[in-house]
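Q: Submitted below is the structure of interest, expressed as structure tokens.
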2 protein chains.
Amino acid sequence: MKERLRTFFLGKRLEDSRLSDEKFNILWGIPVFASDAISSVSYAGEEILLVLIPVLGMASYKSFLPIVAAIIGLLGILVFCYRQTIDAYPQGGGAYIVATDNLGEAPGLVAGAALIIGYILTVAVSACAGAAAVTSAFPELLKWKALIALILIALLTWGNLRGLRESAVMFGVPTYLFIFTMLTLIVVGIVRYASVSYTPQEAVIAAESSKDMLLFVILRAFASGCTALTGVEAVSNGVPNFKEPAPKNAKKVLYAMAGFVCIVFFGVSVLISMYRIVPNEEATAVSQLAEAVFGSGSALYYVVQVMTVVILTLAANTAFAGLPLLMALMAQDGYLPRQLIYRGTRLNFSNGILFLFASAALLVIAFNGDQHLLLPLYAAGVFLSFLLSQLGMVLHWVRRRGSGWKTKAFVNGFGTIITGITLVIIVIMKFLQGAWVTLVCIILLVLLMRTIKKHYDKVRDDLRISSPEEAVSLMGRGRVGKLILPVQNVNRSFVKVLNCAKDFEFDEIEFYHICSDEESAKHLQAQIERLGVPGRFVHEVTHYRNTEEVLMRHIEAEHAKLDEHQHLTVMMPNLVMRSRWARVLHNQTTKNMIRRMEKYRNVYIFQIPYII
Amino acid sequence: MKERLRTFFLGKRLEDSRLSDEKFNILWGIPVFASDAISSVSYAGEEILLVLIPVLGMASYKSFLPIVAAIIGLLGILVFCYRQTIDAYPQGGGAYIVATDNLGEAPGLVAGAALIIGYILTVAVSACAGAAAVTSAFPELLKWKALIALILIALLTWGNLRGLRESAVMFGVPTYLFIFTMLTLIVVGIVRYASVSYTPQEAVIAAESSKDMLLFVILRAFASGCTALTGVEAVSNGVPNFKEPAPKNAKKVLYAMAGFVCIVFFGVSVLISMYRIVPNEEATAVSQLAEAVFGSGSALYYVVQVMTVVILTLAANTAFAGLPLLMALMAQDGYLPRQLIYRGTRLNFSNGILFLFASAALLVIAFNGDQHLLLPLYAAGVFLSFLLSQLGMVLHWVRRRGSGWKTKAFVNGFGTIITGITLVIIVIMKFLQGAWVTLVCIILLVLLMRTIKKHYDKVRDDLRISSPEEAVSLMGRGRVGKLILPVQNVNRSFVKVLNCAKDFEFDEIEFYHICSDEESAKHLQAQIERLGVPGRFVHEVTHYRNTEEVLMRHIEAEHAKLDEHQHLTVMMPNLVMRSRWARVLHNQTTKNMIRRMEKYRNVYIFQIPYII
């Protein structure tokens with residue numbers, strides 16, 4: 001039944017061998033891995049303006065395009081750096097691997113934690129921005145914004161639980177439609193501006209301009225705009241998800257992504273600047289731009305909004321492709337719970353997907369679906385992982401000294417410096433607005449992961465047998481030991497247990513009875529003796545209706561008498577009801593006692609089922 | 001830790017022998033068992049008026065006092081009848097026992113179900129009426145009415161979980177204060193009316209008087225007022241809770257209760273009639289009366305309101321004293337889950353108390369704390385149990401034919417006729433308003449109880465051994481049987497299990513391994529063979545990552561090969577983590593598999609703990 005429901009929602013269980021089938025070529029790789037960066041067009045420009053306009057007023061548009069250009073320049077540098085990473089780590093070279101490999105455990109964990117938080121934020125931010133695109137078109141939905149974001153996340157989770165290939169098919173075509181829509185918007189917008197001599201709407205914001213603050217404001221706007229650069233990582237982390245030749249395909253996706261981002265981001269920013277768009281609570285910058293270019297309520301306006309929602313959904317999907325893979329990697333190294341390693345029925349890392357769902361949904365609920373509050377948390381973590389990754393690559397080249405290592409080290413060194421500077425700007429400019437939360441979370445996550453690793457190491461050391469000889473030496477000549485048989489009355493389930501006990505020829509059998517008066521104990525003893533199984537009858541009287549406690553105290557006392565190599569067995573009848581509802585009609589005493597007895601190292605528990 | 005918290009909230013665990021200490025004398029018995037009837041003063045009169053006034057307008061007061069008198073007359077008859085029940089059933093003679101004893105199983109169950117529903121409604125109605133007294137005094141709390149009712153129920157639950165005696169002490173003194181307050185109200189009210197020639201407020205309700213409807217309206221008002229008569233049952237049901245001589249004490253409590261109800265109910269009704277009180281949504285009749293007599297905002301007005309809340313809380317407590325006892329009785333007979341039989345750490349029936357809490361709270365939430373909606377459900381169930389109880393008593397006397405049996409049978413016969421007529425009136429007059437809900441619930445509850453009984457009977461018959469000879473005949477000469485030992489790799493926990501397996505000298509050991517490739521299976525086989533324990537190595541290859549399913553299929557297949565008297569043992573290492581949080585880091589595979597294997601009759605499960 002459960003199996004059938006799962007098949008209905010998730011599709012049939014897939015064989016291991018289908019794994020290699022489920023990989024991306026370039027065409028499908030672009031939507032899955034590059035959509036994050038491309039989608040940032042829909043909020044990065046807006047975030048820059050939201051910093052500039054309250055301070056600079058209409059003068060903002062003078063600074064706006066240079067900041068966008070700087071961010072695109074940064075993107076170019078990162079692409080250059082990451083192509084080297086893909087070459088050096090064809091098995092997947094996310095910041096976690098690169099940092100661990102070259103810088104050691106602690107930096108690796110910091111990079112990993114930063115990436116995990118970054119991925120979760122990608123989903124939360126993209127879902128909220130997608131919901132914002134919906135509410136821009138339909139303002140009456142404004143109060144349901146958080147719910148819309150949650151529904152988007154839930155749909156994505158479902159799609160990803162169904163499996164890799166299908167998520168690419170589900171989400172692939174629309175990316176290209178989005179790019180095409182954006183290009184149309186840019187071209188029509190420019191033509192219209194040039195021909196009709198469009199009069200931009202007057203912004204009514206009083207500029208409290210102060211020249212001293214100019215640099216500060218521009219840096220802060222730059223920091224806000226850096227959220228545009230969060231897609232690069234995913235490609236290099238996901239190389240093994242590409243079809244062979246994986247590195248080559250991955251690099252092509254990386255270039256294609258950079259090209260698309262560059263054209264669309266810059267084009268839209270130019271238009272925003274031309275049309276003097278002022279983003280506000282009710283309508284996003286892109287929504288206002290599309291209204292200005294295509295006319296309010298026109299079909300093309302709605303196409304832009306729909307495509308924005310779609311591309312943001314895809315951006316969130318980037319994280320659904322990246323995070324579970326990363327977490328499986330870290331779990332394999334022992335830093336995260338082992339359950340994240342296993343692939344589900346559809347060959348994806350279903351536990352990681354569910355974790356991502358839960359944490360992103362929690363963020364959306366906590367921040368009530370407001371992406372402006374979430375975005376300041378975002379960039380710091382991402383750039384921290386960039387920095388560690390670049391630094392790791394520098395050391396990689398310096399140590400290996402392959403052909404052309406100096407040029408390669410120089411490229412990554414330059415990347416290190418640039419990302420380092422950017423990180424410092426982001427942390428300083430966004431510290432109180434939320435970057436501190438990210439940093440605190442990274443520290444806590446790193447501490448947690450070290451604790452988990454320590455635990456797994458301890459378990460492994462505890463269980464490990466280092467040589468066949470040691471294994472043989474552990475095989476002692478033991479004794480069957482003593483059996484304790486709790487008994488309340490002589491019925492069929494007890495007789496079944498007793499039959500079993502007799503066959504196993506324990507060294508000694510103790511019938512242990514708890515009662516509230518001596519009389520019934522004597523009667524029971526006589527009944528048991530008549531069955532002819534030799535054993536000692538022990539009873540204890542209690543007037544506190546605490547059978548469980550008394551039995552546990554007895555087991556504990558008996559356990560204390562044993563030396564390390566002795567043991568005792570407790571045999572219990574287990575009354576199993578065929579019908580599920582009937583179970584509520586019976587005490588769970590047996591189950592409770594078994595759970596409580598598990599902590600005694602030398603107490604073996606033997607359950608004899610009695611089915612009714 | 002858990003134990004310490006419990007002691008803090010509920011007090012120390014009490015010994016069985018303390019049970020007889022925890023009983024009521026007359027002084028404490030009155031508040032606990034009679035408060036329900038006494039408290040009905042605060043709503044019964046109001047319910048009558050709420051039926052009369054919309055139809056008869058100011059003419060209502062002509063019919064009001066006669067209806068009250070009729071209800072008090074009915075109370076007198078019931079007291080007369082129930083003293084005979086107390087005499088005949090000193091071990092506690094609620095409707096359930098009397099009906100079962102004399103009329104058979106089905107009527108007994110109907111009476112029991114009616115009583116259970118009645119008790120739950122007592123709590124819900126009293127809590128809501130108490131909340132209404134609060135909101136009458138503080139109208140700004142009106143929107144929190146349901147919450148106030150829930151808090152009252154929660155406090156009562158807590159008090160009762162702490163134990164019998166303490167609940168009497170907690171609630172005893174205030175009852176007498178309530179009676180005293182009400183007497184003061186009546187005396188002052190009459191004196192004031194007579195001396196100051198009080199002008200009653202003008203009722204602004206248009207009377208759509210229609211003489212044809214008069215009888216119908218009066219019967220309906222009578223049906224509403226019958227909610228006043230719900231306390232009688234509790235006394236006769238709770239006889240064993242009284243100090244010796246229990247029947248004598250119980251009867252005295254019964255008389256005292258009837259006397260108090262008679263004086264207070266009639267007195268207050270006379271005043272309501274004199275002062276022409278018209279109850280409404282915001283203020284109860286008693287609240288308006290107290291305002292009229294003592295003056296709005298006077299200290300004495302608040303005393304009346306506080307005392308009303310207190311007495312209603314006590315009324316709810318009647319059910320907390322009665323229902324758990326009744327349910328324990330019915331559980332002992334096998335009609336309710338066995339967990340209701342056991343007394344908790346404080347010697348009370350804690351499971352019954354918690355059940356009452358949950359179901360009353362649910363009702364309050366469902367009806368949003370409105371007692372006017374709850375009350376129509378109330379009287380039908382109560383009078384159904386009265387009827388069955390009286391009918392049972394008639395047969396009791398007719399069959400026993402002790403001294404004076406004719407008079408006694410006549411008294412109960414008269415009670416049968418009167419309660420029967422009343423029941424018919426109530427059901428007809430209140431059917432659509434809620435009595436149908438009560439009847440449906442009673443039927444469902446009876447069906448459920450029969451199913452439960454059938455289940456317990458089946459379990460008992462299945463387990464029973466009728467004679468010592470049969471017990472001996474069941475002791476077969478069995479075999480130790482085959483052992484299946486699931487194994488993933490050779491580590492210390494496996495070696496511990498293997499050591500144990502070897503000692504027990506199973507007929508045959510099968511090492512069962514599930515893997516994804518042949519290579520690792522061969523390697524493991526070699527490792528196991530080196531340990532020198534003879535056994536067959538069996539492995540299965542799966543490419544679907546479904547270890548659990550494969551193992552279960554294997555066990556199922558092996559189980560199918562066994563005949564009825566053969567069995568096989570599955571031995572499993574149980575990795576137990578000392579720290580609770582570490583458990584989330586490990587698969588619960590062992591636990592899951594044990595749960596799933598329980599359904600095989602001849603599969604014994606042997607758990608060897610390995611503590612880390």
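Labels used: A, B, ... for chains in the order of the structure tokens, numbers from 1 for residues in each chain, and numbers from 1 for ligands as shown.
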Neighbours of Val584 in chain A within 10 Å (only C-alpha atoms; same-chain residues fewer than 5 positions away dropped), as an mmCIF file with N, CA and C atoms, in the first residue's frame?
A:
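The result, written out as around-v1.cif:
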```cif
data_model
loop_
_atom_site.group_PDB
_atom_site.id
_atom_site.type_symbol
_atom_site.label_atom_id
_atom_site.label_comp_id
_atom_site.auth_asym_id
_atom_site.auth_seq_id
_atom_site.Cartn_x
_atom_site.Cartn_y
_atom_site.Cartn_z
ATOM 1 N N MET A 577 -0.776 -8.221 17.483
ATOM 2 C CA MET A 577 -2.157 -8.197 16.985
ATOM 3 C C MET A 577 -2.117 -8.061 15.475
ATOM 4 N N PRO B 337 -10.816 -0.112 26.666
ATOM 5 C CA PRO B 337 -9.400 -0.498 26.692
ATOM 6 C C PRO B 337 -8.899 -0.732 28.114
ATOM 7 N N ARG B 338 -8.108 -1.779 28.242
ATOM 8 C CA ARG B 338 -7.657 -2.241 29.544
ATOM 9 C C ARG B 338 -6.853 -1.193 30.314
ATOM 10 N N GLN B 339 -6.230 -0.265 29.564
ATOM 11 C CA GLN B 339 -5.393 0.743 30.232
ATOM 12 C C GLN B 339 -6.204 1.589 31.220
#
```
Q: Could you produce a table of the residues of chain A lying within 7 Å of chain B, with the nearest pair of atoms per residue and their separation in Å rounded to one decimal, using only C-alpha atoms, ordered by chain and increasing residue number, as JSON lines?
A:
```
{"residue": "A:Leu14", "atom": "CA", "partner": "B:Tyr544", "partner_atom": "CA", "distance": 6.5}
{"residue": "A:Glu15", "atom": "CA", "partner": "B:Tyr544", "partner_atom": "CA", "distance": 4.9}
{"residue": "A:Asp16", "atom": "CA", "partner": "B:His543", "partner_atom": "CA", "distance": 5.0}
{"residue": "A:Pro337", "atom": "CA", "partner": "B:Leu585", "partner_atom": "CA", "distance": 4.8}
{"residue": "A:Arg338", "atom": "CA", "partner": "B:Leu585", "partner_atom": "CA", "distance": 6.4}
{"residue": "A:Gln339", "atom": "CA", "partner": "B:Asn587", "partner_atom": "CA", "distance": 6.7}
{"residue": "A:Val459", "atom": "CA", "partner": "B:Ile612", "partner_atom": "CA", "distance": 6.7}
{"residue": "A:Leu463", "atom": "CA", "partner": "B:Arg492", "partner_atom": "CA", "distance": 4.7}
{"residue": "A:Arg464", "atom": "CA", "partner": "B:Asn491", "partner_atom": "CA", "distance": 5.4}
{"residue": "A:Ile465", "atom": "CA", "partner": "B:Asn491", "partner_atom": "CA", "distance": 5.6}
{"residue": "A:Ala471", "atom": "CA", "partner": "B:Leu531", "partner_atom": "CA", "distance": 6.9}
{"residue": "A:Val472", "atom": "CA", "partner": "B:Leu531", "partner_atom": "CA", "distance": 5.3}
{"residue": "A:Met475", "atom": "CA", "partner": "B:Asn499", "partner_atom": "CA", "distance": 6.0}
{"residue": "A:Gly476", "atom": "CA", "partner": "B:Asn499", "partner_atom": "CA", "distance": 6.7}
{"residue": "A:Gly478", "atom": "CA", "partner": "B:Asp503", "partner_atom": "CA", "distance": 6.1}
{"residue": "A:Arg479", "atom": "CA", "partner": "B:Asp503", "partner_atom": "CA", "distance": 6.0}
{"residue": "A:Val480", "atom": "CA", "partner": "B:Asp503", "partner_atom": "CA", "distance": 5.6}
{"residue": "A:Asn491", "atom": "CA", "partner": "B:Leu463", "partner_atom": "CA", "distance": 5.3}
{"residue": "A:Arg492", "atom": "CA", "partner": "B:Leu463", "partner_atom": "CA", "distance": 4.7}
{"residue": "A:Ser493", "atom": "CA", "partner": "B:Leu463", "partner_atom": "CA", "distance": 6.3}
{"residue": "A:Val495", "atom": "CA", "partner": "B:Met475", "partner_atom": "CA", "distance": 7.0}
{"residue": "A:Asn499", "atom": "CA", "partner": "B:Met475", "partner_atom": "CA", "distance": 6.0}
{"residue": "A:Asp503", "atom": "CA", "partner": "B:Val480", "partner_atom": "CA", "distance": 5.6}
{"residue": "A:Phe504", "atom": "CA", "partner": "B:Val480", "partner_atom": "CA", "distance": 6.0}
{"residue": "A:Leu531", "atom": "CA", "partner": "B:Val472", "partner_atom": "CA", "distance": 5.3}
{"residue": "A:His543", "atom": "CA", "partner": "B:Asp16", "partner_atom": "CA", "distance": 5.0}
{"residue": "A:Tyr544", "atom": "CA", "partner": "B:Glu15", "partner_atom": "CA", "distance": 4.9}
{"residue": "A:Val576", "atom": "CA", "partner": "B:Lys599", "partner_atom": "CA", "distance": 6.8}
{"residue": "A:Leu585", "atom": "CA", "partner": "B:Pro337", "partner_atom": "CA", "distance": 4.8}
{"residue": "A:His586", "atom": "CA", "partner": "B:Arg338", "partner_atom": "CA", "distance": 6.7}
{"residue": "A:Asn587", "atom": "CA", "partner": "B:Gln339", "partner_atom": "CA", "distance": 6.7}
{"residue": "A:Glu598", "atom": "CA", "partner": "B:Pro609", "partner_atom": "CA", "distance": 6.3}
{"residue": "A:Lys599", "atom": "CA", "partner": "B:Val576", "partner_atom": "CA", "distance": 6.8}
{"residue": "A:Arg601", "atom": "CA", "partner": "B:Pro609", "partner_atom": "CA", "distance": 5.9}
{"residue": "A:Tyr604", "atom": "CA", "partner": "B:Ile608", "partner_atom": "CA", "distance": 5.1}
{"residue": "A:Ile605", "atom": "CA", "partner": "B:Gln607", "partner_atom": "CA", "distance": 5.1}
{"residue": "A:Phe606", "atom": "CA", "partner": "B:Phe606", "partner_atom": "CA", "distance": 4.4}
{"residue": "A:Gln607", "atom": "CA", "partner": "B:Ile605", "partner_atom": "CA", "distance": 5.1}
{"residue": "A:Ile608", "atom": "CA", "partner": "B:Tyr604", "partner_atom": "CA", "distance": 5.1}
{"residue": "A:Pro609", "atom": "CA", "partner": "B:Arg601", "partner_atom": "CA", "distance": 5.9}
{"residue": "A:Tyr610", "atom": "CA", "partner": "B:Arg601", "partner_atom": "CA", "distance": 6.3}
{"residue": "A:Ile611", "atom": "CA", "partner": "B:Arg601", "partner_atom": "CA", "distance": 6.0}
{"residue": "A:Ile612", "atom": "CA", "partner": "B:Val459", "partner_atom": "CA", "distance": 6.6}
```
Q: Within 10 Å of Thr308 in chain A, counting only C-alpha atoms, which residues qualify if same-chain residues fewer than 4 places away don't, as an NGL selection string?
A: :A and (39-42 or 129-134 or 174-175 or 178-179 or 181-182 or 286-287 or 302-304 or 312-314)
Q: I need the chosen residues saved as a short mmCIF file (atom, residue, chain, number, x, y, z; two decimals), in the first residue's frame, with N, CA, C and O atoms.
A:
```cif
data_model
loop_
_atom_site.label_atom_id
_atom_site.label_comp_id
_atom_site.auth_asym_id
_atom_site.auth_seq_id
_atom_site.Cartn_x
_atom_site.Cartn_y
_atom_site.Cartn_z
N SER A 39 18.70 33.98 -13.35
CA SER A 39 17.49 34.47 -12.67
C SER A 39 17.77 35.69 -11.82
O SER A 39 16.85 36.46 -11.53
N SER A 40 19.02 35.87 -11.41
CA SER A 40 19.32 36.98 -10.52
C SER A 40 19.01 38.33 -11.17
O SER A 40 18.86 39.34 -10.49
N VAL A 41 18.89 38.33 -12.48
CA VAL A 41 18.47 39.53 -13.21
C VAL A 41 17.20 40.11 -12.60
O VAL A 41 17.02 41.32 -12.52
N SER A 42 16.35 39.22 -12.14
CA SER A 42 15.05 39.70 -11.69
C SER A 42 15.10 40.37 -10.32
O SER A 42 14.12 40.97 -9.90
N ALA A 129 11.25 35.69 -4.46
CA ALA A 129 11.29 36.61 -5.60
C ALA A 129 10.27 36.16 -6.65
O ALA A 129 9.62 36.99 -7.30
N GLY A 130 10.12 34.85 -6.82
CA GLY A 130 9.11 34.35 -7.75
C GLY A 130 7.72 34.75 -7.30
O GLY A 130 6.89 35.20 -8.09
N ALA A 131 7.49 34.61 -5.99
CA ALA A 131 6.19 35.02 -5.45
C ALA A 131 5.99 36.52 -5.65
O ALA A 131 4.87 36.98 -5.93
N ALA A 132 7.08 37.30 -5.56
CA ALA A 132 6.98 38.75 -5.77
C ALA A 132 6.57 39.06 -7.21
O ALA A 132 5.81 40.01 -7.45
N ALA A 133 7.07 38.26 -8.15
CA ALA A 133 6.68 38.47 -9.55
C ALA A 133 5.17 38.21 -9.72
O ALA A 133 4.48 38.92 -10.45
N VAL A 134 4.67 37.20 -9.00
CA VAL A 134 3.24 36.90 -9.07
C VAL A 134 2.43 38.06 -8.48
O VAL A 134 1.47 38.54 -9.08
N PRO A 174 11.63 26.06 -20.56
CA PRO A 174 11.28 27.42 -20.15
C PRO A 174 12.47 28.36 -20.00
O PRO A 174 12.33 29.56 -20.22
N THR A 175 13.65 27.83 -19.63
CA THR A 175 14.80 28.73 -19.49
C THR A 175 15.06 29.48 -20.79
O THR A 175 15.30 30.69 -20.80
N PHE A 178 12.65 32.07 -21.33
CA PHE A 178 12.92 33.24 -20.50
C PHE A 178 13.96 34.14 -21.17
O PHE A 178 13.78 35.35 -21.29
N ILE A 179 15.04 33.50 -21.62
CA ILE A 179 16.10 34.28 -22.25
C ILE A 179 15.54 35.00 -23.48
O ILE A 179 15.77 36.19 -23.67
N THR A 181 12.42 35.84 -24.05
CA THR A 181 11.52 36.90 -23.60
C THR A 181 12.30 38.14 -23.19
O THR A 181 11.94 39.28 -23.54
N MET A 182 13.39 37.90 -22.45
CA MET A 182 14.18 39.03 -21.96
C MET A 182 14.82 39.78 -23.12
O MET A 182 14.88 41.02 -23.13
N VAL A 286 11.47 44.75 -12.57
CA VAL A 286 11.25 44.12 -13.87
C VAL A 286 9.77 44.23 -14.26
O VAL A 286 9.44 44.49 -15.42
N SER A 287 8.88 44.06 -13.27
CA SER A 287 7.46 44.18 -13.55
C SER A 287 7.13 45.58 -14.05
O SER A 287 6.41 45.76 -15.04
N TYR A 302 2.32 39.99 -19.19
CA TYR A 302 2.10 38.76 -18.41
C TYR A 302 3.10 37.68 -18.79
O TYR A 302 3.52 36.88 -17.94
N VAL A 303 3.51 37.64 -20.06
CA VAL A 303 4.52 36.67 -20.46
C VAL A 303 5.81 36.90 -19.67
O VAL A 303 6.42 35.97 -19.13
N VAL A 304 6.22 38.18 -19.54
CA VAL A 304 7.44 38.48 -18.78
C VAL A 304 7.30 38.00 -17.34
O VAL A 304 8.20 37.36 -16.79
N LEU A 312 12.95 31.80 -11.85
CA LEU A 312 13.31 31.78 -10.43
C LEU A 312 13.09 30.38 -9.85
O LEU A 312 13.83 29.92 -8.99
N THR A 313 12.06 29.70 -10.33
CA THR A 313 11.84 28.31 -9.92
C THR A 313 13.05 27.46 -10.34
O THR A 313 13.53 26.62 -9.58
N LEU A 314 13.53 27.72 -11.54
CA LEU A 314 14.69 26.99 -12.01
C LEU A 314 15.91 27.29 -11.15
O LEU A 314 16.72 26.41 -10.86
#
```
Q: Please provide the set of residues having any atom within 10 Å of Leu375 in chain A, restricted to only C-alpha atoms, with same-chain residues fewer than 3 positions apart removed, written as a list in words.
A: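 The neighbour list is Tyr43, Ala44, Glu47, Leu121, Thr122, Ala124, Val125, Ser126, Ser224, Gly225, Thr227, Asp370, Gln371, His372, Tyr378, Ala379, Ala380, Lys430, Gln433, Gly434 and Ala435 of chain A.
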Q: What does the file look like for those residues with N, CA, C and O atoms, as a compact mmCIF listing (two decimals), in the first residue's frame?
A:
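Result file follows (again_30.txt):
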```txt
# COMPACT_ATOMS: atom_id res chain seq x y z
N TYR A 43 16.20 40.22 -9.58
CA TYR A 43 16.25 40.95 -8.31
C TYR A 43 17.53 41.73 -8.06
O TYR A 43 17.53 42.69 -7.30
N ALA A 44 18.65 41.35 -8.71
CA ALA A 44 19.92 41.99 -8.38
C ALA A 44 19.88 43.49 -8.68
O ALA A 44 20.26 44.31 -7.84
N GLU A 47 17.84 45.32 -6.13
CA GLU A 47 18.50 45.47 -4.83
C GLU A 47 19.48 46.63 -4.85
O GLU A 47 19.64 47.35 -3.86
N LEU A 121 19.56 29.29 1.00
CA LEU A 121 19.10 30.65 0.73
C LEU A 121 18.71 30.82 -0.73
O LEU A 121 17.78 31.57 -1.05
N THR A 122 19.42 30.13 -1.62
CA THR A 122 19.04 30.20 -3.04
C THR A 122 17.57 29.82 -3.20
O THR A 122 16.80 30.50 -3.88
N ALA A 124 15.17 29.70 -0.86
CA ALA A 124 14.25 30.61 -0.17
C ALA A 124 14.12 31.93 -0.93
O ALA A 124 13.00 32.41 -1.18
N VAL A 125 15.26 32.50 -1.33
CA VAL A 125 15.23 33.79 -2.02
C VAL A 125 14.52 33.67 -3.37
O VAL A 125 13.66 34.50 -3.71
N SER A 126 14.85 32.64 -4.12
CA SER A 126 14.25 32.51 -5.44
C SER A 126 12.74 32.31 -5.34
O SER A 126 11.98 32.90 -6.11
N SER A 224 25.06 44.64 -2.46
CA SER A 224 23.72 44.11 -2.71
C SER A 224 23.65 43.42 -4.06
O SER A 224 23.01 42.36 -4.21
N GLY A 225 24.30 44.00 -5.06
CA GLY A 225 24.24 43.44 -6.40
C GLY A 225 25.00 42.14 -6.55
O GLY A 225 24.73 41.34 -7.47
N THR A 227 24.67 39.49 -5.17
CA THR A 227 23.79 38.32 -5.14
C THR A 227 23.59 37.75 -6.55
O THR A 227 23.12 36.64 -6.71
N ASP A 370 9.67 37.58 2.54
CA ASP A 370 10.22 38.85 2.06
C ASP A 370 11.67 38.66 1.59
O ASP A 370 12.58 38.53 2.41
N GLN A 371 11.88 38.68 0.27
CA GLN A 371 13.23 38.43 -0.22
C GLN A 371 14.19 39.56 0.14
O GLN A 371 15.39 39.33 0.27
N HIS A 372 13.69 40.80 0.36
CA HIS A 372 14.58 41.90 0.71
C HIS A 372 15.24 41.67 2.07
O HIS A 372 16.33 42.17 2.33
N TYR A 378 22.64 36.42 2.11
CA TYR A 378 22.97 35.52 1.02
C TYR A 378 24.43 35.60 0.58
O TYR A 378 25.19 34.61 0.63
N ALA A 379 24.83 36.82 0.15
CA ALA A 379 26.10 36.97 -0.57
C ALA A 379 27.32 36.60 0.28
O ALA A 379 28.30 36.04 -0.23
N ALA A 380 27.29 36.90 1.60
CA ALA A 380 28.46 36.67 2.44
C ALA A 380 28.90 35.21 2.37
O ALA A 380 30.08 34.91 2.15
N LYS A 430 27.04 44.74 4.92
CA LYS A 430 25.79 44.02 5.20
C LYS A 430 25.78 43.40 6.59
O LYS A 430 24.89 42.60 6.89
N GLN A 433 22.74 44.01 8.73
CA GLN A 433 21.50 43.67 8.01
C GLN A 433 21.27 42.15 7.91
O GLN A 433 20.23 41.72 7.45
N GLY A 434 22.30 41.36 8.25
CA GLY A 434 22.06 39.93 8.18
C GLY A 434 23.30 39.08 7.94
O GLY A 434 23.29 37.88 8.20
N ALA A 435 24.41 39.71 7.47
CA ALA A 435 25.61 38.90 7.21
C ALA A 435 26.07 38.20 8.49
O ALA A 435 26.59 37.09 8.46
```
Q: Can you tell me, as a list in words, what residues are no more than 9 Å from Leu49 in chain A when counting only C-alpha atoms, ignoring any on the same chain fewer than 5 positions away?
A: Ala44, Pro54, Ser60, Tyr61, Phe64, Ala221, Ile277, Val278 and Pro279 of chain A
Q: Can you measure CA of Gly76 in chain B to CA of Ala258 in chain B for me? One decimal in Å is fine.
A: 7.2 Å
Q: For the structure I just gave you, how does DSSP split range 212-372 of chain A - specifically, which residues are alpha helix (DSSP H)? Reply as an MDAnalysis selection string.
A: chainID A and resid 214:225 232:237 246:275 285:294 299:332 350:366 371:372
Q: Compare B:Ala99, B:Cys81, B:Ala283, B:Leu65 by their minimum atom-to-atom distance to Leu388 in chain B, counting only C-alpha atoms, and give me the closest one.
A: B:Ala99
